[in-house]
Every structure is written in C-alpha cells, then in structure tokens.
Amino acid sequence: MLVVDVNKEKYEYDIHSLVKAFYPEETVKVLTPMVAKERREEWEKYIGFVMEMEEDHALIKVAETTENPELKEFAGQSFAWELTTGDMAAKKNTLKQFLYKTLVQITGRTLPWGNLTGIRPTKIAMGLLEEGKSEKEIENFMMEEHFVSSKKALLSIDIAKREKELLSKIHYENGYSLYIGIPFCPTTCLYCSFTSNPICKWRDRVDEYIDCLIRELDYVKDDFNDKILDTVYIGGGTPTTLTDVQLDRLITAVKERLDLSHVKEFTVEAGRADSITEEKLLVLKKHGIDRISVNPQTMKDETLKLIGRQHTVAQVKEAFALARRIGGFNINMDIILGLPGEKEEDVADTINQIKELAPDSLTVHSLAIKRTSHLAQWITENGMDTLNNTDATMEIAAKGAAEMGMHPYYLYRQKNMSGNFENVGYAKEGNFGIYNILIMEEKQTIVALGAGSITKRVFPDGRIERCENIKDVKLYLEKIEEMIERKRKLFYESLP
C-alpha cells in the first residue's frame, strides 16, 4: 500500500489517479482530514508522501519513515511549487503539474498522457479546434500544459479532426441517441466489471426484462416524439445472449415505437462467438441493423480460456465468416492489449489473424484493472508483471489497423489502464462508429434503457445532467416505473 497524506479535501481524485499511474502495482490511498481516526491509524504506517497545500503554494515531502523501496532514496526530501491563486480549475491544474513533475523526478519515468487523468483527452483537442487554434498550437498546449507526449497529442488532434467532421451532421439541440443495455453474458470475463449476469441464471426472466425495456421505449415514444433520433446502440453485456425470437421482439418494438427515418447507424453488439447463430444474424439483417461486433479480445486459445471466454479462436473465425456470408454488416472486432501472460509476439499473431479476416473496424483496448473484477484478485496472486502492455504492443496494433486501411476515429481512457495508455477505435472510411464518438464527446443527449444504463441530458450551454438505472436486474424489474420517472424528472422538471 502507498498512502498520500493531504492536508485539504477536493483534490483526492486527481492525486490518487496520478500516483496510481506511477505506481500501478500499489494499492494507493489518499488520507485527508475527513478520514476517520481508526482508518488514519491503520494507514499511517504506509504513508509515502505528505502534501501540504496553501492558498498560493504547495509542498510535497517524501515520508522519512517510508518503507517503499522506490522512495527510500528520497526519504525526508521536500519539493515546493507555486499555485495559481483564485480560479479553482487553474489551481488544480498547477497542483497536478507539480505532482506530476515531482513523481517524474522521483521515479525517473514519464507517462504518455502526462498529467491528464480524465477519460476524454480528445475533448481538449476538439475544444481548441472549435476555438480556431492551429494544430501546432494545440500540440504545444497539450505538451506544455499537460506534459502529453508529442505522439499522443498528435493522435488526439487527428481523432478530433475526424470526429468534428463526422459529427457535423448530428442534430445536437433537437436530437438524441438511444442506448439499450442487455446485462447478460454467457460467462463473466476475468477483467469485466460491467453490469453483466450469467444468462443461465436469468434465462427464465429475459422476456420479463424485455417487457421492461418496452415500457421504457413507450416512455421514449411519448416524450421524444418531437426529437430526431440519430443513432441506436444495443450493447451489454452480450445482446446476442437473447434468442433470435427475443432479439426480433425487442428490435420490432423499437421500430414500431420510434421514427428511425433519420437514424445514421443502428448497432447491435453481437460480441461473443459462442452467442452468435445464423438465426440471430438473419434477424439483425431483416431489421436493417448495419453495424455488429464479433469480439475475440485475443486470438490465442490459451488466453481465451484463462480469461473465462468459453469459445475458441476457431469459433471466432466461424462466426465472422457467417456474418460475412449473410452480408450487409459493418463488422467491428475488439481486442485487448495487456491480457495476462501475452507478449508482443502474441499481439502480433492476433493482429495477423484479424488482418486475414479483414473486419471493417477494430477497437484496441488497453487492459483496465477494475477493482470489482476477478482480475484484481488474480493480479494479487500472480503479480503485475504478467500484464505486458507497452509502446511496442500499441504500435503493433496501430500499424496493423493502418495496413487494413483503417484510421483512428475515437479514443478514451480508463482508470488503472495497463501501461497508462488508451483505447482507440480504428475504422475504414465510411465505417466509423458514430455512437462511440457521441458517448465520448458528450455533445448529444443519450437516452439509456436497461439495468445499469446511464442517461445523459446535454444542455445547449454544454451542461450535462445524468440519471442512472439500477444495476441489479431483479431490482430493475421491480422498480421499472421508478426508472421511467427518473428520466421524466431529468427531462421535464426544472433542474438546479
């Protein structure tokens, strides 16, 4: 454990995120004056840094009693920095600059995304483009203000330019997108912390779940009949854990209740190969679904078994070939870099096998270590050094995407990502996932249905308000009217 003792509140998230990025193998805690006395006594022996913040300056001291081997050389040393006074955002940024530069000095390491801790770094580039800044000005700003590497700054700019063009035809003020969550999977993967429930335990209540989705659709029909629907995304979980009859019933309900005449993209995550059948794909084709996913995560059977996916590489290829034979789909594939035990040659092999399949788009994820996933316990038992995500593996994936004629079009980051890298979506021209961009750039209202989904209302001034559906499926079924009322309140009652 590595504890940071801070004399003030408000900065805990940023402090925790930056320290964790430099010390991914440690359990990082931030100790503030509000922490209970008994917890303080429990954590005190793990204090590595003491931070003191005043109105115009900050001090970071490495604890003299630290047992952390990386910190012992600096035990008792202090680092000082002037803080911007007045504006809270500016003060926070100078604090993050100070903490980042101090940690670079102590560890001898830099981070590809510098001191950025948010999940949407392309929003910075997008905002500056909209202000009329040149690409060089944006690159310099990201490098000088946030210590982002030139390579990542240029990637952000490239993606922001493409996003700006793709979103130019979206109806912002009078439009919305629809998300429908299916929180069931064949099994729960080692790394997963999403709202997902084994389908074998819920099979008898799936129709009841669809009933509730349709009740939410009725609400959307009534209250959004004067709005333009731009995109529809059915995600999960694994939507194709539904039977072909259930998929048909759900999509039919969407088409009967909503005007799809302006929809630019209708996505259904087919996802896992062990849930894809010809009957289900024919249902999707019948309804004009234009974008699906066949997601292997890796093309190595040993890793698939380790992470709990009960399908083989051969099944992935069979499912992909089936989708191609039926035709009419923009097929996306997802992979994850940094999976346990995988090295550069494994990533290269996965990319080479995917190149042979030639999907229309490829999403490259950096493994994120979620506190509530089984992976967190697996790492405790096996060590962080089993996770190998590097500049080299990221470059292998990026090069492979380019060789398939794809361009990067959206990007996001998560907490505790292996290598402190990012997730990037690549696609061939004309096959970019519009909903993916919308969910990241937060420029359009998204109405979300289903257990664990989050609705976001985007106001004309850029303000965003959210309401969440209950994650627990049983409670969602019991409280469906409350879920609808939450949305009604978000959209039609005055907000503070």
# chains A, B, ... in the order shown; residues from 1 in each chain; ligands from 1

call {"tool": "residues_around", "arguments": {"residues": "stretch 124-131 of chain A", "least_positions_apart": "6", "cutoff": "7 Å", "atoms": "only C-alpha atoms", "output": "tab-separated table (two decimals) with N, CA and C atoms, in the first residue's frame"}}
result
chain	number	residue	atom	x	y	z
A	138	ILE	N	-2.28	23.51	-30.71
A	138	ILE	CA	-2.90	22.50	-29.86
A	138	ILE	C	-1.85	21.51	-29.35
A	156	SER	N	-4.45	12.71	-30.65
A	156	SER	CA	-5.66	13.41	-30.20
A	156	SER	C	-6.17	14.37	-31.27
A	157	ILE	N	-5.26	15.11	-31.86
A	157	ILE	CA	-5.65	16.09	-32.88
A	157	ILE	C	-6.21	15.39	-34.12
A	160	ALA	N	-9.66	14.17	-33.20
A	160	ALA	CA	-10.59	15.29	-33.02
A	160	ALA	C	-11.03	15.86	-34.35

call {"tool": "atom_distance", "arguments": {"atom1": "atom CA of A:Leu2", "atom2": "atom CA of A:Asn68"}}
result
7.8 Å

call {"tool": "closest_atom_pairs", "arguments": {"of": "stretch 382-426 of chain A", "to": "stretch 438-459 of chain A", "cutoff": "12 Å", "atoms": "only C-alpha atoms", "output": "JSON lines"}}
result
{"residue": "A:Tyr409", "atom": "CA", "partner": "A:Met440", "partner_atom": "CA", "distance": 11.1}
{"residue": "A:Tyr410", "atom": "CA", "partner": "A:Met440", "partner_atom": "CA", "distance": 7.8}
{"residue": "A:Leu411", "atom": "CA", "partner": "A:Met440", "partner_atom": "CA", "distance": 7.7}
{"residue": "A:Tyr412", "atom": "CA", "partner": "A:Met440", "partner_atom": "CA", "distance": 6.9}
{"residue": "A:Arg413", "atom": "CA", "partner": "A:Met440", "partner_atom": "CA", "distance": 9.9}
{"residue": "A:Gln414", "atom": "CA", "partner": "A:Met440", "partner_atom": "CA", "distance": 11.9}
{"residue": "A:Asn423", "atom": "CA", "partner": "A:Met440", "partner_atom": "CA", "distance": 11.5}
{"residue": "A:Val424", "atom": "CA", "partner": "A:Met440", "partner_atom": "CA", "distance": 11.5}
{"residue": "A:Gly425", "atom": "CA", "partner": "A:Met440", "partner_atom": "CA", "distance": 11.5}

call {"tool": "write_last_selection", "arguments": {"atoms": "N, CA and C atoms", "output": "short mmCIF file (atom, residue, chain, number, x, y, z; two decimals), in the first residue's frame"}}
result
data_model
loop_
_atom_site.label_atom_id
_atom_site.label_comp_id
_atom_site.auth_asym_id
_atom_site.auth_seq_id
_atom_site.Cartn_x
_atom_site.Cartn_y
_atom_site.Cartn_z
N TYR A 409 -10.50 6.94 -35.03
CA TYR A 409 -11.62 7.88 -35.07
C TYR A 409 -12.23 8.18 -33.70
N TYR A 410 -11.91 7.40 -32.68
CA TYR A 410 -12.33 7.80 -31.33
C TYR A 410 -11.37 7.20 -30.32
N LEU A 411 -11.31 7.82 -29.16
CA LEU A 411 -10.32 7.45 -28.15
C LEU A 411 -10.88 7.75 -26.77
N TYR A 412 -10.61 6.88 -25.84
CA TYR A 412 -10.93 7.19 -24.45
C TYR A 412 -9.98 6.44 -23.54
N ARG A 413 -9.91 6.90 -22.31
CA ARG A 413 -9.04 6.29 -21.33
C ARG A 413 -9.86 5.85 -20.12
N GLN A 414 -9.30 4.93 -19.34
CA GLN A 414 -9.95 4.46 -18.12
C GLN A 414 -8.95 4.49 -16.97
N ASN A 423 -7.65 3.48 -25.11
CA ASN A 423 -8.44 2.65 -26.02
C ASN A 423 -8.67 3.46 -27.30
N VAL A 424 -8.45 2.86 -28.44
CA VAL A 424 -8.61 3.57 -29.71
C VAL A 424 -9.48 2.76 -30.65
N GLY A 425 -10.45 3.43 -31.28
CA GLY A 425 -11.25 2.81 -32.32
C GLY A 425 -10.68 3.16 -33.68
#

call {"tool": "residues_around", "arguments": {"residues": "A:Met51", "least_positions_apart": "2", "cutoff": "8 Å", "atoms": "only C-alpha atoms", "output": "JSON, numbers by chain"}}
result
{"A": [4, 5, 6, 7, 49, 53, 58, 59, 60, 61]}

call {"tool": "closest_residue", "arguments": {"among": "A:Glu265, A:Phe184, A:Tyr46, A:Tyr191", "to": "A:Gln377", "atoms": "only C-alpha atoms"}}
result
A:Tyr191

call {"tool": "residues_around", "arguments": {"residues": "A:Met299", "least_positions_apart": "3", "cutoff": "9 Å", "atoms": "only C-alpha atoms", "output": "tab-separated table (two decimals) with N, CA and C atoms, in the first residue's frame"}}
result
chain	number	residue	atom	x	y	z
A	296	PRO	N	-13.17	-11.01	-30.33
A	296	PRO	CA	-12.36	-12.10	-29.77
A	296	PRO	C	-11.60	-11.72	-28.51
A	303	THR	N	-5.20	-17.93	-23.79
A	303	THR	CA	-5.64	-16.72	-23.09
A	303	THR	C	-7.15	-16.67	-22.99
A	304	LEU	N	-7.84	-17.05	-24.05
A	304	LEU	CA	-9.31	-17.09	-24.01
A	304	LEU	C	-9.79	-17.95	-22.85
A	312	THR	N	-13.50	-20.66	-28.73
A	312	THR	CA	-12.15	-20.79	-29.27
A	312	THR	C	-11.92	-19.79	-30.38
A	313	VAL	N	-10.67	-19.67	-30.81
A	313	VAL	CA	-10.35	-18.83	-31.95
A	313	VAL	C	-11.07	-19.34	-33.19
A	314	ALA	N	-11.14	-20.64	-33.34
A	314	ALA	CA	-11.83	-21.22	-34.49
A	314	ALA	C	-13.29	-20.79	-34.53
A	316	VAL	N	-14.49	-17.99	-33.32
A	316	VAL	CA	-14.49	-16.58	-33.72
A	316	VAL	C	-14.48	-16.48	-35.24
A	335	ILE	N	-10.14	-6.06	-29.51
A	335	ILE	CA	-9.06	-6.80	-28.87
A	335	ILE	C	-8.61	-6.04	-27.63
A	346	ASP	N	2.44	-12.44	-29.21
A	346	ASP	CA	1.04	-12.83	-29.15
A	346	ASP	C	0.14	-11.76	-29.77
A	347	VAL	N	0.45	-10.50	-29.46
A	347	VAL	CA	-0.31	-9.39	-30.04
A	347	VAL	C	-0.13	-9.38	-31.56
A	349	ASP	N	0.52	-11.89	-33.49
A	349	ASP	CA	-0.21	-13.01	-34.06
A	349	ASP	C	-1.71	-12.71	-34.12
A	350	THR	N	-2.24	-12.10	-33.06
A	350	THR	CA	-3.66	-11.71	-33.05
A	350	THR	C	-3.95	-10.75	-34.20
A	351	ILE	N	-3.10	-9.74	-34.37
A	351	ILE	CA	-3.31	-8.77	-35.44
A	351	ILE	C	-3.22	-9.44	-36.81
A	353	GLN	N	-3.93	-12.52	-37.61
A	353	GLN	CA	-5.14	-13.32	-37.85
A	353	GLN	C	-6.34	-12.43	-38.15
A	354	ILE	N	-6.41	-11.28	-37.48
A	354	ILE	CA	-7.51	-10.35	-37.74
A	354	ILE	C	-7.37	-9.74	-39.14

call {"tool": "atom_distance", "arguments": {"atom1": "atom CA of A:Gln297", "atom2": "atom CA of A:Thr238"}}
result
13.8 Å

call {"tool": "select_by_dssp", "arguments": {"residues": "stretch 173-405 of chain A", "states": "strand (DSSP E or B)", "output": "JSON, numbers by chain"}}
result
{"A": [175, 176, 177, 178, 179, 180, 181, 182, 184, 185, 197, 198, 228, 229, 230, 231, 232, 233, 234, 235, 236, 265, 266, 267, 268, 269, 270, 271, 291, 292, 293, 294, 297, 330, 331, 332, 333, 334, 335, 336, 337, 361, 362, 363, 364, 365, 366, 368]}

call {"tool": "decode", "arguments": {"residues": "stretch 78-192 of chain A", "atoms": "C-alpha atoms", "output": "PDB file, in the first residue's frame"}}
result
ATOM      1  CA  SER A  78      10.754  18.165   0.089  1.00  0.00           C
ATOM      2  CA  PHE A  79       9.566  19.660  -3.204  1.00  0.00           C
ATOM      3  CA  ALA A  80       7.844  23.062  -3.446  1.00  0.00           C
ATOM      4  CA  TRP A  81       5.682  24.685  -6.126  1.00  0.00           C
ATOM      5  CA  GLU A  82       3.725  27.923  -6.565  1.00  0.00           C
ATOM      6  CA  LEU A  83      -0.025  27.516  -7.158  1.00  0.00           C
ATOM      7  CA  THR A  84      -2.204  29.743  -9.297  1.00  0.00           C
ATOM      8  CA  THR A  85      -4.452  31.743  -6.972  1.00  0.00           C
ATOM      9  CA  GLY A  86      -8.165  32.339  -7.415  1.00  0.00           C
ATOM     10  CA  ASP A  87      -9.656  30.074 -10.078  1.00  0.00           C
ATOM     11  CA  MET A  88     -10.231  26.529  -8.742  1.00  0.00           C
ATOM     12  CA  ALA A  89      -9.635  24.821 -12.096  1.00  0.00           C
ATOM     13  CA  ALA A  90      -6.357  26.666 -12.661  1.00  0.00           C
ATOM     14  CA  LYS A  91      -5.198  25.870  -9.128  1.00  0.00           C
ATOM     15  CA  LYS A  92      -5.997  22.204  -9.612  1.00  0.00           C
ATOM     16  CA  ASN A  93      -4.071  22.150 -12.873  1.00  0.00           C
ATOM     17  CA  THR A  94      -0.947  23.688 -11.344  1.00  0.00           C
ATOM     18  CA  LEU A  95      -1.209  21.192  -8.486  1.00  0.00           C
ATOM     19  CA  LYS A  96      -1.341  18.314 -10.991  1.00  0.00           C
ATOM     20  CA  GLN A  97       1.649  19.805 -12.829  1.00  0.00           C
ATOM     21  CA  PHE A  98       3.590  19.930  -9.571  1.00  0.00           C
ATOM     22  CA  LEU A  99       2.662  16.389  -8.536  1.00  0.00           C
ATOM     23  CA  TYR A 100       3.465  15.024 -11.986  1.00  0.00           C
ATOM     24  CA  LYS A 101       6.893  16.682 -12.209  1.00  0.00           C
ATOM     25  CA  THR A 102       7.728  15.541  -8.678  1.00  0.00           C
ATOM     26  CA  LEU A 103       6.789  11.943  -9.470  1.00  0.00           C
ATOM     27  CA  VAL A 104       8.810  12.059 -12.705  1.00  0.00           C
ATOM     28  CA  GLN A 105      11.833  13.236 -10.718  1.00  0.00           C
ATOM     29  CA  ILE A 106      11.421  10.514  -8.097  1.00  0.00           C
ATOM     30  CA  THR A 107      10.626   7.584 -10.415  1.00  0.00           C
ATOM     31  CA  GLY A 108      12.608   8.564 -13.493  1.00  0.00           C
ATOM     32  CA  ARG A 109       9.520   7.727 -15.573  1.00  0.00           C
ATOM     33  CA  THR A 110       7.166   9.794 -17.715  1.00  0.00           C
ATOM     34  CA  LEU A 111       3.591   8.958 -18.713  1.00  0.00           C
ATOM     35  CA  PRO A 112       2.376   9.024 -22.330  1.00  0.00           C
ATOM     36  CA  TRP A 113      -0.620  11.166 -21.348  1.00  0.00           C
ATOM     37  CA  GLY A 114       1.279  13.349 -18.879  1.00  0.00           C
ATOM     38  CA  ASN A 115      -0.850  14.622 -16.008  1.00  0.00           C
ATOM     39  CA  LEU A 116      -4.203  14.052 -17.739  1.00  0.00           C
ATOM     40  CA  THR A 117      -6.417  11.891 -15.547  1.00  0.00           C
ATOM     41  CA  GLY A 118      -9.778  12.236 -17.335  1.00  0.00           C
ATOM     42  CA  ILE A 119     -11.155   9.663 -19.744  1.00  0.00           C
ATOM     43  CA  ARG A 120     -11.683  12.049 -22.685  1.00  0.00           C
ATOM     44  CA  PRO A 121      -8.373  13.691 -23.697  1.00  0.00           C
ATOM     45  CA  THR A 122      -9.626  14.322 -27.236  1.00  0.00           C
ATOM     46  CA  LYS A 123     -12.152  16.798 -25.801  1.00  0.00           C
ATOM     47  CA  ILE A 124      -9.231  19.161 -25.194  1.00  0.00           C
ATOM     48  CA  ALA A 125      -8.158  18.968 -28.826  1.00  0.00           C
ATOM     49  CA  MET A 126     -11.770  19.238 -30.006  1.00  0.00           C
ATOM     50  CA  GLY A 127     -12.403  22.344 -27.889  1.00  0.00           C
ATOM     51  CA  LEU A 128      -9.268  24.068 -29.146  1.00  0.00           C
ATOM     52  CA  LEU A 129     -10.113  23.223 -32.764  1.00  0.00           C
ATOM     53  CA  GLU A 130     -13.524  24.813 -32.257  1.00  0.00           C
ATOM     54  CA  GLU A 131     -11.756  27.922 -30.917  1.00  0.00           C
ATOM     55  CA  GLY A 132      -9.833  28.147 -34.180  1.00  0.00           C
ATOM     56  CA  LYS A 133      -6.445  27.066 -32.823  1.00  0.00           C
ATOM     57  CA  SER A 134      -3.932  25.604 -35.259  1.00  0.00           C
ATOM     58  CA  GLU A 135      -2.761  22.008 -34.955  1.00  0.00           C
ATOM     59  CA  LYS A 136       0.672  23.188 -33.850  1.00  0.00           C
ATOM     60  CA  GLU A 137      -0.845  25.419 -31.163  1.00  0.00           C
ATOM     61  CA  ILE A 138      -2.902  22.500 -29.859  1.00  0.00           C
ATOM     62  CA  GLU A 139       0.097  20.163 -29.840  1.00  0.00           C
ATOM     63  CA  ASN A 140       2.195  22.724 -27.944  1.00  0.00           C
ATOM     64  CA  PHE A 141      -0.599  23.359 -25.438  1.00  0.00           C
ATOM     65  CA  MET A 142      -1.039  19.668 -24.643  1.00  0.00           C
ATOM     66  CA  MET A 143       2.708  19.129 -24.309  1.00  0.00           C
ATOM     67  CA  GLU A 144       3.460  22.257 -22.257  1.00  0.00           C
ATOM     68  CA  GLU A 145       0.333  22.432 -20.111  1.00  0.00           C
ATOM     69  CA  HIS A 146      -0.212  18.712 -19.502  1.00  0.00           C
ATOM     70  CA  PHE A 147       3.160  17.095 -20.423  1.00  0.00           C
ATOM     71  CA  VAL A 148       1.442  14.859 -23.007  1.00  0.00           C
ATOM     72  CA  SER A 149       3.908  13.226 -25.391  1.00  0.00           C
ATOM     73  CA  SER A 150       4.040  14.625 -28.911  1.00  0.00           C
ATOM     74  CA  LYS A 151       2.859  11.270 -30.267  1.00  0.00           C
ATOM     75  CA  LYS A 152      -0.292  11.233 -28.111  1.00  0.00           C
ATOM     76  CA  ALA A 153      -1.001  14.924 -28.727  1.00  0.00           C
ATOM     77  CA  LEU A 154      -0.895  14.367 -32.491  1.00  0.00           C
ATOM     78  CA  LEU A 155      -3.128  11.294 -32.135  1.00  0.00           C
ATOM     79  CA  SER A 156      -5.660  13.405 -30.198  1.00  0.00           C
ATOM     80  CA  ILE A 157      -5.645  16.089 -32.884  1.00  0.00           C
ATOM     81  CA  ASP A 158      -6.006  13.578 -35.706  1.00  0.00           C
ATOM     82  CA  ILE A 159      -9.000  11.957 -33.995  1.00  0.00           C
ATOM     83  CA  ALA A 160     -10.594  15.286 -33.015  1.00  0.00           C
ATOM     84  CA  LYS A 161     -10.470  16.497 -36.628  1.00  0.00           C
ATOM     85  CA  ARG A 162     -12.144  13.300 -37.822  1.00  0.00           C
ATOM     86  CA  GLU A 163     -14.737  13.456 -35.051  1.00  0.00           C
ATOM     87  CA  LYS A 164     -15.543  17.073 -35.852  1.00  0.00           C
ATOM     88  CA  GLU A 165     -16.297  16.162 -39.454  1.00  0.00           C
ATOM     89  CA  LEU A 166     -18.318  13.057 -38.564  1.00  0.00           C
ATOM     90  CA  LEU A 167     -20.445  14.914 -36.005  1.00  0.00           C
ATOM     91  CA  SER A 168     -21.166  17.886 -38.278  1.00  0.00           C
ATOM     92  CA  LYS A 169     -24.444  16.265 -39.418  1.00  0.00           C
ATOM     93  CA  ILE A 170     -25.674  15.294 -35.946  1.00  0.00           C
ATOM     94  CA  HIS A 171     -28.776  17.001 -34.521  1.00  0.00           C
ATOM     95  CA  TYR A 172     -27.498  18.356 -31.226  1.00  0.00           C
ATOM     96  CA  GLU A 173     -30.243  20.549 -29.806  1.00  0.00           C
ATOM     97  CA  ASN A 174     -33.221  18.771 -31.365  1.00  0.00           C
ATOM     98  CA  GLY A 175     -31.838  15.258 -31.485  1.00  0.00           C
ATOM     99  CA  TYR A 176     -30.848  12.320 -29.311  1.00  0.00           C
ATOM    100  CA  SER A 177     -29.326   8.850 -29.445  1.00  0.00           C
ATOM    101  CA  LEU A 178     -30.709   5.700 -27.857  1.00  0.00           C
ATOM    102  CA  TYR A 179     -28.815   3.074 -25.852  1.00  0.00           C
ATOM    103  CA  ILE A 180     -30.395  -0.241 -24.845  1.00  0.00           C
ATOM    104  CA  GLY A 181     -28.447  -2.355 -22.357  1.00  0.00           C
ATOM    105  CA  ILE A 182     -28.633  -6.165 -22.246  1.00  0.00           C
ATOM    106  CA  PRO A 183     -26.848  -7.102 -18.994  1.00  0.00           C
ATOM    107  CA  PHE A 184     -26.422 -10.813 -19.682  1.00  0.00           C
ATOM    108  CA  CYS A 185     -23.381 -12.812 -20.826  1.00  0.00           C
ATOM    109  CA  PRO A 186     -22.570 -16.488 -21.397  1.00  0.00           C
ATOM    110  CA  THR A 187     -19.966 -16.128 -18.607  1.00  0.00           C
ATOM    111  CA  THR A 188     -18.274 -13.230 -16.810  1.00  0.00           C
ATOM    112  CA  CYS A 189     -14.787 -12.496 -18.125  1.00  0.00           C
ATOM    113  CA  LEU A 190     -11.824 -12.215 -15.755  1.00  0.00           C
ATOM    114  CA  TYR A 191     -11.363  -8.479 -16.400  1.00  0.00           C
ATOM    115  CA  CYS A 192     -15.024  -7.435 -16.505  1.00  0.00           C
TER     116      CYS A 192
END
